[in-house]
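Please read the structure below before turning to the comments.
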Amino acid sequence: MTRVDPALWLARPRMERLLGALAAAEGATRVVGGAVRDALLGLPVADIDFATRLVPDEVMARLAEAGLKAVPTGLSHGTVTAVAGGIGYQVTTLRRDVGTDGRHARVVFTRAWEEDAARRDFTINALYADPLSGEVTDFFGGTGDLAARRVRFIGDPLLRIAEDHLRILRFFRFSARYADRLDPEGLAACAARANDLKALSRERVRDELLKLLEAPDPAPTVEAMVAHGVMAAFLPEAADVARLRALLAAERRAGARPAALRRLAALLPETPALAAEVAARLRLSNAEKARLVALTTPGAVPEDPRALAYRAGGAVAADRMLLLGDARAARWLEPLAAWERPSLPLTGKDLIALGLPPGPEVSRTLAEVERDWIAAGFPEDREAVLALARHRLEQG
């Protein structure tokens, strides 16, 4: 009998009260999905979700009676967020699908654990654990697939994708993180239904893509997506995975942490206008768009990378070094992360005091002095900066 260590969640604050409210001792509620999967793999358990036979109204009432906050996150789909010890837990009533359009499902509640498991996407995500004993319930061979490092659809992959088109991207994301290779039947189905991705919101596509790119080594998976026409459905610009592979090698050499936007930049040509189009298509935030554009702007990193950091930020400077395979990246990652952008210790009034007449020349000269100051390594001494200004004024 397969078990996980229930201390992984029982040690959390107010968990005993939460499980009491959800009638866990009576078998009404189990831990489900990612927490069970990651516990079996010996990975850190982050978010903990619960499946329950209790209907949403009963969940809300029981939580209130136990003095716990209940947030009606998605009552029509059976989901309530319970807050215990300042931590949110999704509690979802067992359910089965009665209709779907590939984006949204209509569900009815059930008391059958296997019916609930059958509507989930992959066998490794349809695992349940008794929250008190840790005993695992596995209806579709998920534990075996975990052992085999395989991500496999529950049932017919084509039908599962027709129910929810996002499962195409989820197949690749979970495979990149948990599988040694892509399941052939799942890959064939995803390739056949790739155009279904065009019906999804850009936000959902973006979220899955960025999560995929954060995997330890997403290159083989991305390469398969390109080769089988999946990437073309939403990111046709990502046609060459060679730069991504080179970036991953540079990250390993430098000891850099994964960064989805940096890796996305590696999939795109060094064309800022195109990066801006991609950012708009994926509904990236303004800050993410600016970073992606900066990372796809051609040009070498200066001898002193802080010169680029001053203009674009330390993160962009470090990412550019990694994207270019710059051997200096390993020794500059930490300094750039800790570097605080200094302010030029000089103003237009200082230039006027040195004899420059008021007018447009003040701004132009101040910009020239700023460039000299950057090239000099950002000296903090005011006299040194004034010397730079005098030299610039002498040059006319």
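Ordered as shown in the structure tokens, chains take letters A, B, and onward, while each chain numbers its residues from 1 and ligands are numbered from 1 in the order shown.
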Shell of 9 Å around Trp113 of chain A, only C-alpha atoms, local chain residues under 5 positions omitted, as a list in words: Ala51, Thr52, Arg53, Leu94, Arg95, Ala118, Tyr128 and Phe139 of chain A
Same residues, C-alpha atoms, output as a PDB file, in the first residue's frame:
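Heads up, here's the output in result-v6.pdb:
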```pdb
ATOM      1  CA  ALA A  51     -11.205  17.113  -2.758  1.00  0.00           C
ATOM      2  CA  THR A  52     -14.321  16.554  -0.690  1.00  0.00           C
ATOM      3  CA  ARG A  53     -17.676  14.839  -0.744  1.00  0.00           C
ATOM      4  CA  LEU A  94     -16.133  15.855  -6.124  1.00  0.00           C
ATOM      5  CA  ARG A  95     -17.584  16.393  -9.579  1.00  0.00           C
ATOM      6  CA  ALA A 118     -11.796  10.318 -14.258  1.00  0.00           C
ATOM      7  CA  TYR A 128      -5.624  11.192  -3.572  1.00  0.00           C
ATOM      8  CA  PHE A 139      -7.453   4.762  -9.838  1.00  0.00           C
TER       9      PHE A 139
END
```
At a cut-off of 8 Å, using only C-alpha atoms, what residues contact segment 183-186 of chain A? Leave out same-chain residues fewer than 4 positions from it and give the result as a PyMOL selection string. chain A and resi 150-153+157+171+190
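For the pair atom CA of Val55 of chain A and atom CA of Gln90 of chain A, the separation is 13.4 Å.
Among A:Ala112, A:Leu54, A:Ala307, A:Ala265, the residue with the shortest atom-to-atom distance to Ala279 of chain A, counting only C-alpha atoms, is A:Ala265.
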Please provide the set of residues having any atom within 8 Å of Val31 of chain A, restricted to only C-alpha atoms, with same-chain residues fewer than 2 positions apart removed, written as a ChimeraX atom specification. /A:29,33,35-36,48-51,128-131
Just to be explicit: take each residue in the selection above, keep N, CA and C atoms, and write the result as a PDB file, in the first residue's frame.
```pdb
ATOM      1  N   THR A  29     -12.939  13.939   3.067  1.00  0.00           N
ATOM      2  CA  THR A  29     -12.016  14.857   2.386  1.00  0.00           C
ATOM      3  C   THR A  29     -10.639  14.216   2.257  1.00  0.00           C
ATOM      4  N   GLY A  33      -4.052  15.683  -6.073  1.00  0.00           N
ATOM      5  CA  GLY A  33      -3.267  16.330  -7.117  1.00  0.00           C
ATOM      6  C   GLY A  33      -1.804  16.539  -6.813  1.00  0.00           C
ATOM      7  N   ALA A  35       0.073  18.034  -4.612  1.00  0.00           N
ATOM      8  CA  ALA A  35       0.699  17.801  -3.311  1.00  0.00           C
ATOM      9  C   ALA A  35       1.016  16.317  -3.135  1.00  0.00           C
ATOM     10  N   VAL A  36       0.113  15.445  -3.579  1.00  0.00           N
ATOM     11  CA  VAL A  36       0.343  14.002  -3.468  1.00  0.00           C
ATOM     12  C   VAL A  36       1.443  13.583  -4.437  1.00  0.00           C
ATOM     13  N   ILE A  48      -1.477  23.007  -1.335  1.00  0.00           N
ATOM     14  CA  ILE A  48      -2.195  21.788  -0.962  1.00  0.00           C
ATOM     15  C   ILE A  48      -3.670  21.993  -1.288  1.00  0.00           C
ATOM     16  N   ASP A  49      -4.192  21.122  -2.146  1.00  0.00           N
ATOM     17  CA  ASP A  49      -5.601  21.172  -2.530  1.00  0.00           C
ATOM     18  C   ASP A  49      -6.335  19.977  -1.935  1.00  0.00           C
ATOM     19  N   PHE A  50      -7.620  20.183  -1.666  1.00  0.00           N
ATOM     20  CA  PHE A  50      -8.445  19.116  -1.098  1.00  0.00           C
ATOM     21  C   PHE A  50      -9.617  18.813  -2.026  1.00  0.00           C
ATOM     22  N   ALA A  51      -9.962  17.538  -2.126  1.00  0.00           N
ATOM     23  CA  ALA A  51     -11.205  17.113  -2.758  1.00  0.00           C
ATOM     24  C   ALA A  51     -12.117  16.603  -1.654  1.00  0.00           C
ATOM     25  N   TYR A 128      -4.984  10.695  -4.789  1.00  0.00           N
ATOM     26  CA  TYR A 128      -5.624  11.192  -3.572  1.00  0.00           C
ATOM     27  C   TYR A 128      -4.911  10.593  -2.370  1.00  0.00           C
ATOM     28  N   ALA A 129      -4.825  11.372  -1.293  1.00  0.00           N
ATOM     29  CA  ALA A 129      -4.198  10.862  -0.071  1.00  0.00           C
ATOM     30  C   ALA A 129      -5.074  11.184   1.123  1.00  0.00           C
ATOM     31  N   ASP A 130      -5.270  10.188   1.982  1.00  0.00           N
ATOM     32  CA  ASP A 130      -5.957  10.442   3.247  1.00  0.00           C
ATOM     33  C   ASP A 130      -5.111  11.446   4.029  1.00  0.00           C
ATOM     34  N   PRO A 131      -5.672  12.584   4.413  1.00  0.00           N
ATOM     35  CA  PRO A 131      -4.854  13.621   5.055  1.00  0.00           C
ATOM     36  C   PRO A 131      -4.344  13.241   6.431  1.00  0.00           C
TER      37      PRO A 131
END
```
Give the alpha helix (DSSP H) residues of segment 69-242 of chain A, as DSSP finds them on the backbone, and put them as a PyMOL selection string. chain A and resi 113-118+142-147+157-163+167-178+184-192+202-213+219-227+242
